[in-house]
>>> print(open('model-v6.txt').read())   # compact mmCIF, C-alpha atoms
# COMPACT_ATOMS: atom_id res chain seq x y z
CA MET A 1 -29.26 -0.65 -6.53
CA GLY A 2 -25.59 -1.52 -6.47
CA ILE A 3 -23.33 -1.20 -3.43
CA LEU A 4 -20.42 1.24 -3.39
CA VAL A 5 -17.70 1.29 -0.72
CA GLN A 6 -15.94 4.62 -0.21
CA LYS A 7 -12.81 4.84 1.94
CA PHE A 8 -11.54 8.19 3.20
CA GLY A 9 -8.01 8.31 4.63
CA GLY A 10 -6.67 10.47 7.42
CA THR A 11 -5.87 13.46 5.23
CA SER A 12 -9.37 13.27 3.69
CA VAL A 13 -11.07 13.83 7.05
CA ALA A 14 -8.44 16.06 8.66
CA THR A 15 -10.04 19.50 8.20
CA ALA A 16 -13.53 20.98 7.96
CA GLU A 17 -12.96 21.79 4.28
CA GLN A 18 -11.93 18.22 3.49
CA ARG A 19 -14.83 16.77 5.45
CA GLU A 20 -17.20 18.90 3.36
CA ARG A 21 -15.63 17.28 0.31
CA VAL A 22 -16.30 13.87 1.87
CA LEU A 23 -19.97 14.89 2.16
CA HIS A 24 -19.92 15.96 -1.48
CA HIS A 25 -18.70 12.53 -2.60
CA ILE A 26 -21.29 10.81 -0.40
CA ARG A 27 -24.10 12.93 -1.85
CA THR A 28 -22.86 12.27 -5.39
CA ALA A 29 -22.93 8.52 -4.78
CA LEU A 30 -26.43 8.69 -3.28
CA ALA A 31 -27.63 10.76 -6.23
CA ARG A 32 -26.44 7.91 -8.46
CA GLU A 33 -28.59 5.58 -6.34
CA TYR A 34 -25.80 3.57 -4.81
CA ARG A 35 -26.28 1.86 -1.48
CA LEU A 36 -23.32 3.28 0.37
CA VAL A 37 -20.75 2.02 2.88
CA VAL A 38 -18.20 4.62 4.03
CA VAL A 39 -14.95 3.52 5.70
CA VAL A 40 -13.06 6.21 7.62
CA SER A 41 -9.56 6.53 9.05
CA ALA A 42 -8.52 8.59 12.07
CA MET A 43 -8.33 12.33 11.42
CA GLY A 44 -5.04 13.64 10.09
CA ARG A 45 -1.51 12.52 10.79
CA LYS A 46 0.97 12.73 13.65
CA GLY A 47 0.56 16.02 15.49
CA ASP A 48 -3.11 16.42 14.61
CA PRO A 49 -5.28 16.15 17.76
CA TYR A 50 -7.12 12.90 16.97
CA ALA A 51 -4.60 11.10 14.76
CA THR A 52 -3.60 7.59 15.84
CA ASP A 53 0.08 8.54 16.23
CA THR A 54 -0.96 11.47 18.45
CA LEU A 55 -2.98 9.14 20.69
CA LEU A 56 -0.02 6.78 20.95
CA GLU A 57 2.27 9.67 21.84
CA LEU A 58 -0.08 10.51 24.72
CA ALA A 59 0.38 7.00 26.10
CA ARG A 60 4.15 7.23 25.66
CA GLN A 61 4.19 10.33 27.85
CA TYR A 62 2.71 8.30 30.71
CA GLY A 63 5.03 5.34 31.04
CA ASN A 64 4.98 3.86 27.53
CA GLN A 65 3.96 0.49 28.98
CA LEU A 66 0.80 -0.32 27.03
CA ALA A 67 0.38 -4.03 26.38
CA PRO A 68 -0.59 -4.97 22.79
CA ARG A 69 -4.25 -5.59 23.74
CA GLU A 70 -4.61 -2.22 25.46
CA LYS A 71 -2.70 -0.55 22.62
CA ASP A 72 -5.35 -1.80 20.21
CA LEU A 73 -8.05 -0.28 22.40
CA LEU A 74 -6.30 3.09 22.17
CA MET A 75 -5.56 2.84 18.45
CA SER A 76 -9.20 2.06 17.66
CA CYS A 77 -10.34 5.41 19.11
CA GLY A 78 -9.25 7.68 16.24
CA GLU A 79 -11.54 6.01 13.70
CA LEU A 80 -14.46 6.15 16.13
CA ILE A 81 -14.01 9.90 16.45
CA SER A 82 -13.94 10.34 12.67
CA ALA A 83 -17.02 8.17 12.26
CA ALA A 84 -18.98 10.02 14.94
CA VAL A 85 -18.14 13.43 13.44
CA LEU A 86 -19.16 12.28 9.96
CA SER A 87 -22.38 10.77 11.34
CA SER A 88 -23.28 14.09 12.95
CA MET A 89 -22.61 15.96 9.70
CA LEU A 90 -24.82 13.57 7.74
CA SER A 91 -27.60 13.73 10.33
CA GLU A 92 -27.52 17.54 10.23
CA ARG A 93 -28.25 17.26 6.51
CA GLU A 94 -31.01 14.71 7.13
CA ILE A 95 -29.10 11.83 5.53
CA PRO A 96 -29.97 8.62 7.45
CA ASN A 97 -26.87 6.86 8.70
CA CYS A 98 -25.38 4.65 11.35
CA VAL A 99 -21.88 3.96 12.68
CA LEU A 100 -20.50 0.44 13.05
CA THR A 101 -17.18 -0.56 14.56
CA GLY A 102 -15.13 -3.10 12.65
CA GLY A 103 -16.47 -5.86 14.87
CA GLN A 104 -20.08 -4.70 14.52
CA ALA A 105 -19.57 -4.62 10.74
CA GLY A 106 -18.73 -8.33 10.88
CA ILE A 107 -14.94 -8.19 10.47
CA ILE A 108 -13.53 -11.21 12.33
CA THR A 109 -9.77 -11.33 12.79
CA THR A 110 -6.96 -13.33 14.30
CA GLY A 111 -5.90 -12.44 17.82
CA HIS A 112 -2.56 -10.97 16.73
CA HIS A 113 -2.90 -7.56 18.38
CA ASN A 114 -1.58 -4.52 16.47
CA ASN A 115 -1.28 -6.48 13.21
CA ALA A 116 -4.28 -8.81 12.99
CA GLN A 117 -5.32 -10.63 9.83
CA ILE A 118 -8.92 -10.81 8.63
CA ILE A 119 -10.32 -14.34 8.87
CA THR A 120 -13.79 -13.64 7.51
CA VAL A 121 -16.37 -10.89 7.05
CA ASN A 122 -20.04 -11.42 7.89
CA PRO A 123 -21.87 -8.45 6.31
CA LYS A 124 -25.39 -9.28 7.62
CA ARG A 125 -25.57 -6.24 9.91
CA ILE A 126 -24.37 -3.91 7.15
CA LEU A 127 -26.91 -5.30 4.67
CA ARG A 128 -29.71 -4.86 7.21
CA GLU A 129 -28.77 -1.21 7.73
CA LEU A 130 -28.48 -0.64 3.97
CA ASP A 131 -31.93 -2.16 3.47
CA GLU A 132 -33.25 0.50 5.88
CA GLY A 133 -31.89 3.20 3.59
CA LYS A 134 -28.94 4.24 5.72
CA VAL A 135 -25.40 5.24 4.82
CA VAL A 136 -23.30 2.80 6.84
CA ILE A 137 -20.16 4.37 8.31
CA VAL A 138 -17.56 1.76 9.32
CA THR A 139 -14.46 2.45 11.38
CA GLY A 140 -11.45 1.37 9.33
CA PHE A 141 -8.28 -0.35 10.54
CA GLN A 142 -10.01 -2.56 13.10
CA GLY A 143 -11.87 -5.80 13.68
CA GLN A 144 -12.76 -8.21 16.42
CA THR A 145 -11.73 -11.71 17.42
CA THR A 146 -14.26 -14.53 17.81
CA ASP A 147 -14.23 -13.92 21.56
CA GLY A 148 -14.93 -10.18 21.25
CA GLU A 149 -11.46 -8.66 21.61
CA ILE A 150 -10.85 -5.48 19.60
CA THR A 151 -7.92 -5.77 17.18
CA THR A 152 -6.22 -3.47 14.67
CA LEU A 153 -5.05 -4.48 11.22
CA GLY A 154 -1.62 -2.85 10.99
CA ARG A 155 -0.26 -0.68 8.21
CA GLY A 156 -2.81 0.03 5.47
CA GLY A 157 -5.57 -1.30 7.71
CA SER A 158 -8.30 1.07 6.51
CA ASP A 159 -7.59 0.19 2.87
CA THR A 160 -7.84 -3.46 3.87
CA THR A 161 -11.14 -2.84 5.69
CA ALA A 162 -12.58 -1.20 2.57
CA THR A 163 -11.65 -3.93 0.11
CA ALA A 164 -12.61 -6.73 2.51
CA LEU A 165 -16.06 -5.17 2.90
CA GLY A 166 -16.24 -4.60 -0.86
CA ALA A 167 -15.50 -8.27 -1.45
CA ALA A 168 -18.00 -9.49 1.16
CA LEU A 169 -20.75 -7.18 -0.16
CA ARG A 170 -19.95 -7.82 -3.84
CA ALA A 171 -19.67 -4.07 -4.33
CA GLU A 172 -19.56 -2.55 -7.80
CA TYR A 173 -16.50 -0.53 -6.81
CA VAL A 174 -14.29 0.31 -3.87
CA ASP A 175 -13.30 3.98 -4.07
CA ILE A 176 -10.09 4.82 -2.19
CA PHE A 177 -10.03 8.58 -1.64
CA THR A 178 -6.68 10.14 -0.90
CA ASP A 179 -4.71 13.35 -1.52
CA VAL A 180 -3.72 12.51 -5.13
CA GLU A 181 -5.87 12.10 -8.23
CA GLY A 182 -4.73 8.57 -8.98
CA ILE A 183 -1.76 6.32 -9.61
CA MET A 184 1.18 8.10 -11.24
CA THR A 185 3.90 6.75 -13.53
CA ALA A 186 6.47 7.96 -10.97
CA ASP A 187 6.65 10.04 -7.81
CA PRO A 188 5.75 13.56 -9.04
CA ARG A 189 8.11 15.01 -6.45
CA ILE A 190 10.95 13.36 -8.40
CA VAL A 191 9.62 13.36 -11.96
CA GLU A 192 7.92 16.61 -12.96
CA ASP A 193 6.29 15.11 -16.06
CA ALA A 194 4.96 12.02 -14.31
CA ALA A 195 1.56 11.13 -15.73
CA GLN A 196 -1.57 9.79 -14.14
CA LEU A 197 -2.54 6.29 -15.22
CA GLU A 198 -6.17 5.73 -16.21
CA LYS A 199 -6.10 1.96 -15.64
CA VAL A 200 -3.70 -0.52 -14.03
CA THR A 201 -3.91 -4.20 -13.15
CA TYR A 202 -4.09 -5.57 -9.63
CA THR A 203 -0.64 -7.09 -10.09
CA GLU A 204 0.89 -3.83 -11.31
CA ILE A 205 -0.44 -1.73 -8.44
CA CYS A 206 0.66 -4.39 -5.93
CA ASN A 207 4.17 -4.25 -7.34
CA LEU A 208 4.19 -0.45 -7.33
CA ALA A 209 3.01 -0.48 -3.72
CA PHE A 210 5.49 -3.14 -2.58
CA GLN A 211 8.33 -1.19 -4.22
CA GLY A 212 7.65 2.15 -2.56
CA ALA A 213 4.47 3.75 -3.94
CA LYS A 214 2.23 4.50 -0.95
CA VAL A 215 -1.14 5.29 -2.51
CA ILE A 216 -2.80 2.00 -1.50
CA HIS A 217 -1.64 -0.94 0.57
CA PRO A 218 -0.87 -4.14 -1.41
CA ARG A 219 -2.72 -6.34 1.10
CA ALA A 220 -5.91 -4.42 0.26
CA VAL A 221 -5.33 -4.87 -3.46
CA GLU A 222 -4.79 -8.61 -3.07
CA ILE A 223 -8.18 -8.96 -1.34
CA ALA A 224 -9.90 -7.03 -4.13
CA ALA A 225 -8.11 -9.11 -6.77
CA GLN A 226 -9.22 -12.39 -5.21
CA ALA A 227 -12.86 -11.23 -5.38
CA ASN A 228 -12.38 -9.36 -8.69
CA ILE A 229 -13.78 -6.14 -7.18
CA PRO A 230 -12.61 -3.02 -9.09
CA ILE A 231 -10.85 -0.28 -7.12
CA ARG A 232 -10.79 3.40 -8.06
CA VAL A 233 -8.03 5.53 -6.54
CA ARG A 234 -9.38 9.08 -6.40
CA SER A 235 -8.74 12.51 -4.91
CA THR A 236 -10.98 13.80 -2.14
CA MET A 237 -10.58 17.34 -3.45
CA SER A 238 -11.60 16.54 -7.04
CA ASP A 239 -14.38 14.89 -9.03
CA HIS A 240 -11.83 13.30 -11.34
CA PRO A 241 -12.56 9.57 -11.87
CA GLY A 242 -9.01 8.66 -10.81
CA THR A 243 -7.23 5.42 -11.66
CA LEU A 244 -9.16 2.19 -12.15
CA VAL A 245 -7.50 -0.94 -10.73
CA THR A 246 -8.87 -4.18 -12.21
CA ASN A 247 -7.80 -7.29 -14.12
CA LEU A 248 -5.97 -7.19 -17.44
CA SER A 249 -8.85 -8.58 -19.49
CA GLU A 250 -11.23 -5.95 -18.14
CA ILE A 251 -8.75 -3.21 -18.99
CA GLY A 252 -8.59 -4.56 -22.54
CA ARG A 253 -12.38 -4.70 -22.77
CA LEU A 254 -12.77 -1.11 -21.55
CA ALA A 255 -10.15 0.08 -23.98
CA GLY A 256 -11.74 -1.85 -26.83
CA GLU A 257 -8.41 -3.53 -27.50
CA VAL A 258 -5.55 -5.39 -25.84
CA ARG A 259 -3.37 -2.92 -23.98
CA ASP A 260 0.13 -2.60 -25.40
CA LEU A 261 1.95 -0.83 -22.60
CA THR A 262 5.03 -2.74 -21.45
CA ILE A 263 5.97 -0.45 -18.55
CA ILE A 264 3.46 1.50 -16.47
CA GLY A 265 5.62 2.99 -13.74
CA ILE A 266 8.95 3.55 -12.03
CA THR A 267 9.19 3.56 -8.28
CA GLN A 268 11.92 3.71 -5.67
CA MET A 269 12.79 2.60 -2.15
CA PRO A 270 15.70 4.43 -0.49
CA GLY A 271 17.47 3.60 2.75
CA VAL A 272 18.74 0.08 2.16
CA THR A 273 22.14 -1.50 2.72
CA GLN A 274 23.64 -4.10 0.42
CA VAL A 275 25.22 -7.03 2.25
CA LYS A 276 27.70 -9.26 0.41
CA ILE A 277 29.36 -12.41 1.70
CA ARG A 278 32.10 -14.08 -0.36
CA LEU A 279 32.07 -17.87 -0.12
CA LYS A 280 34.92 -20.30 -0.42
CA GLN A 281 34.61 -23.48 -2.47
CA GLY A 282 32.26 -25.93 -0.77
CA GLU A 283 30.83 -23.49 1.83
CA TYR A 284 27.28 -24.19 0.73
CA ASP A 285 26.02 -24.52 4.30
CA SER A 286 26.77 -20.81 4.80
CA GLN A 287 23.68 -19.97 2.76
CA LEU A 288 21.44 -21.69 5.31
CA LYS A 289 23.34 -20.20 8.27
CA VAL A 290 23.03 -16.64 6.93
CA PHE A 291 19.33 -16.63 6.20
CA LYS A 292 18.38 -18.61 9.30
CA ALA A 293 20.35 -16.16 11.46
CA MET A 294 18.58 -13.19 9.84
CA ALA A 295 15.19 -14.85 10.36
CA ASP A 296 15.94 -15.69 14.00
CA ALA A 297 16.83 -12.04 14.60
CA GLY A 298 13.64 -10.82 12.92
CA ILE A 299 15.58 -9.04 10.17
CA SER A 300 13.70 -8.89 6.87
CA VAL A 301 15.95 -9.49 3.87
CA ASP A 302 15.25 -8.44 0.29
CA PHE A 303 16.84 -8.45 -3.15
CA ILE A 304 18.40 -11.87 -2.56
CA SER A 305 21.03 -13.20 -4.95
CA VAL A 306 22.77 -16.50 -4.22
CA ASN A 307 25.42 -18.34 -6.23
CA PRO A 308 28.21 -20.78 -5.28
CA SER A 309 30.73 -17.98 -4.69
CA GLU A 310 28.62 -15.19 -3.17
CA ILE A 311 25.51 -14.31 -1.17
CA ALA A 312 24.07 -10.83 -1.67
CA TYR A 313 20.96 -9.27 -0.18
CA THR A 314 19.68 -6.01 1.27
CA VAL A 315 18.41 -4.91 4.67
CA TYR A 316 17.07 -1.59 5.85
CA ASP A 317 19.85 0.83 6.80
CA GLU A 318 18.75 0.93 10.44
CA LEU A 319 19.23 -2.85 10.72
CA ALA A 320 22.59 -3.01 8.96
CA ASP A 321 24.78 -2.85 12.07
CA GLN A 322 22.79 -5.62 13.74
CA ALA A 323 23.00 -7.77 10.62
CA GLU A 324 26.75 -7.24 10.36
CA ALA A 325 27.32 -8.20 14.00
CA ILE A 326 25.31 -11.41 13.57
CA LEU A 327 27.27 -12.38 10.46
CA ARG A 328 30.62 -11.74 12.14
CA ASP A 329 29.52 -13.91 15.08
CA LEU A 330 29.06 -16.67 12.51
CA GLY A 331 32.70 -16.22 11.47
CA LEU A 332 31.81 -14.54 8.18
CA GLN A 333 33.32 -11.37 6.72
CA PRO A 334 30.42 -9.38 5.25
CA GLU A 335 30.93 -6.39 2.97
CA LEU A 336 28.33 -3.67 3.54
CA LEU A 337 27.38 -0.82 1.22
CA PRO A 338 24.95 1.48 3.06
CA GLN A 339 22.54 4.12 1.78
CA CYS A 340 21.55 2.36 -1.43
CA ALA A 341 18.21 2.53 -3.22
CA LYS A 342 16.08 -0.05 -4.94
CA VAL A 343 14.60 1.28 -8.20
CA SER A 344 11.82 -0.76 -9.81
CA VAL A 345 10.48 -0.87 -13.35
CA VAL A 346 6.91 -2.22 -13.24
CA GLY A 347 4.57 -3.44 -15.96
CA ALA A 348 2.41 -6.48 -16.68
CA GLY A 349 3.78 -6.40 -20.24
CA ILE A 350 7.37 -7.18 -19.20
CA ALA A 351 6.96 -10.95 -19.33
CA GLY A 352 8.38 -12.40 -22.54
CA VAL A 353 9.33 -9.04 -24.04
CA PRO A 354 12.99 -8.97 -25.16
CA GLY A 355 15.20 -5.94 -24.59
CA VAL A 356 13.68 -4.50 -21.40
CA MET A 357 16.81 -5.09 -19.33
CA ALA A 358 18.92 -3.76 -22.21
CA LYS A 359 16.95 -0.49 -22.15
CA ILE A 360 17.36 -0.26 -18.37
CA SER A 361 21.11 -0.78 -18.66
CA GLU A 362 21.33 1.75 -21.48
CA ALA A 363 19.39 4.40 -19.59
CA LEU A 364 21.54 4.05 -16.48
CA THR A 365 24.82 3.79 -18.37
CA GLU A 366 24.03 7.01 -20.20
CA GLU A 367 23.77 8.68 -16.79
CA ASP A 368 26.93 6.98 -15.49
CA ILE A 369 24.93 5.06 -12.87
CA GLN A 370 26.32 1.73 -11.71
CA ILE A 371 23.92 -1.20 -11.27
CA LEU A 372 25.00 -2.90 -8.05
CA GLN A 373 22.53 -5.78 -8.30
CA SER A 374 19.46 -6.71 -10.33
CA ALA A 375 16.56 -9.15 -10.26
CA ASP A 376 13.33 -9.67 -12.14
CA SER A 377 9.89 -11.24 -12.07
CA HIS A 378 7.10 -11.49 -14.63
CA THR A 379 5.98 -7.92 -13.89
CA THR A 380 8.96 -6.12 -12.31
CA ILE A 381 12.67 -5.59 -12.85
CA TRP A 382 14.60 -4.28 -9.87
CA VAL A 383 17.99 -2.59 -9.85
CA LEU A 384 20.04 -1.56 -6.85
CA VAL A 385 21.91 1.73 -7.14
CA ARG A 386 23.74 4.04 -4.77
CA GLY A 387 21.40 6.33 -2.89
CA GLY A 388 22.91 9.44 -4.46
CA ASP A 389 21.97 8.08 -7.90
CA MET A 390 18.35 7.26 -7.06
CA VAL A 391 16.64 10.41 -8.33
CA LYS A 392 18.72 10.46 -11.50
CA ALA A 393 17.95 6.77 -12.10
CA VAL A 394 14.19 7.19 -11.70
CA ARG A 395 14.15 10.13 -14.10
CA ALA A 396 16.31 8.36 -16.66
CA LEU A 397 14.17 5.22 -16.67
CA HIS A 398 10.93 7.20 -16.81
CA ARG A 399 12.14 8.97 -19.93
CA LYS A 400 13.77 5.89 -21.53
CA PHE A 401 10.48 4.00 -21.47
CA GLY A 402 8.53 6.97 -22.82
CA LEU A 403 6.32 7.40 -19.76
CA HIS A 404 6.64 11.19 -20.07
CA ARG A 405 4.65 10.91 -23.32
CA LEU A 406 1.60 9.76 -21.37
CA HIS A 407 1.68 13.15 -19.66
CA GLU A 408 1.82 14.89 -23.04
CA SER A 409 -1.15 12.92 -24.35
>>> encode(input="model-v6.txt", output="structure tokens")
Amino acid sequence: MGILVQKFGGTSVATAEQRERVLHHIRTALAREYRLVVVVSAMGRKGDPYATDTLLELARQYGNQLAPREKDLLMSCGELISAAVLSSMLSEREIPNCVLTGGQAGIITTGHHNNAQIITVNPKRILRELDEGKVVIVTGFQGQTTDGEITTLGRGGSDTTATALGAALRAEYVDIFTDVEGIMTADPRIVEDAAQLEKVTYTEICNLAFQGAKVIHPRAVEIAAQANIPIRVRSTMSDHPGTLVTNLSEIGRLAGEVRDLTIIGITQMPGVTQVKIRLKQGEYDSQLKVFKAMADAGISVDFISVNPSEIAYTVYDELADQAEAILRDLGLQPELLPQCAKVSVVGAGIAGVPGVMAKISEALTEEDIQILQSADSHTTIWVLVRGGDMVKAVRALHRKFGLHRLHES
């Protein structure tokens, strides 16, 4: 029997109705004779009684002085509650099961509290429990150092738990259950005719995630890609198969042909400020000064463009004032354009295809949208636009590349 890893996020375990759907998916997997590992997040989101943000808010009300180690102890509680509730539900239905913390499941991490990295996974305990016929419930988002300290894995930690376990167990699939039926060609709140994608590559979903899509964390995808473990992004409230995430050759094999889809999605990231610094002839050392100063201040920079006469990059809006002050202290005169948006055109078929940037320029020009900056990689082309143009830009690009037709088909 093959191993299946199912991960249920906070919204999937938030209510009694949704938890019944979790049971449905577990029973379906057991009926298909999978050996099953279930990774759970804390219940709900901020404001819900057992959500991680709610637990943190409780601590903030009483001094807000938790050290990182003790903060990890608190943040690990929400997943334990979810796991215990699910265990009770399974036991009531006479489904053998056990609960393992991240550490008990063999997830060994660095000691960087609140944002630990997985060093290795030893799945011996999980395999022993599976051999005894149990559903193994694992608390997501957490692990343990070599000396027994509880750690948490930072943003997207439960996704990372699921794919790390999938890789260690050589699972047939890792199913990521969420509140949508799969990966979409654009945010459906912006593009009404956004279509669901049946299959995407690891690289494509990583780029979509890095550029603003929040269905699955890119760190989790990278782990699955390294082990070549397929991921299915599915809806808790549906039996739809969702979107398959795998390598390009496997997508071609499943389709019976090489996929000929240049662009698979448009995504967006609002709330960024463009920073420009004009350079005088010979001021090449300013490039080093600028980026070293940003790094020393812990300011993440993006969308970097450097040439002999100008440095341009973006920072998050909330860090713009700090960045400006640092640059002025260096004797520079930065020009800031706040409230911009980064719009990304993603597709593994971009590399080597002529005319993609021409189509992007045409689509935006037709809508009278100015491109403030652009950059590209083998799988993504980014453009920076004013924030007020973001929605219009996403819609224009979605239609220009014919992604609305996927919805019609």
>>> closest_residue(input="model-v6.txt", among="A:Glu92, A:Glu222, A:Asp321, A:Glu335", to="Ala164 in chain A", atoms="only C-alpha atoms")
A:Glu222
>>> residues_around(input="model-v6.txt", residues="range 114-125 of chain A", least_positions_apart="5", cutoff="7 Å", atoms="only C-alpha atoms", output="list in words")
Pro68, Asp72, Ala105, Gly106, Ile107, Ile108, Thr109, Thr151, Thr152, Leu153, Gly154, Ala168 and Leu169 of chain A
>>> atom_distance(input="model-v6.txt", atom1="CA of Ala194 in chain A", atom2="CA of Gly402 in chain A")
10.5 Å
>>> residues_around(input="model-v6.txt", residues="Leu244 in chain A", least_positions_apart="4", cutoff="6 Å", atoms="only C-alpha atoms", output="list in words")
Lys199, Ile231 and Arg232 of chain A
>>> closest_residue(input="model-v6.txt", among="A:Thr379, A:Met294, A:Gly347, A:Asp302", to="Ile326 in chain A", atoms="only C-alpha atoms")
A:Met294
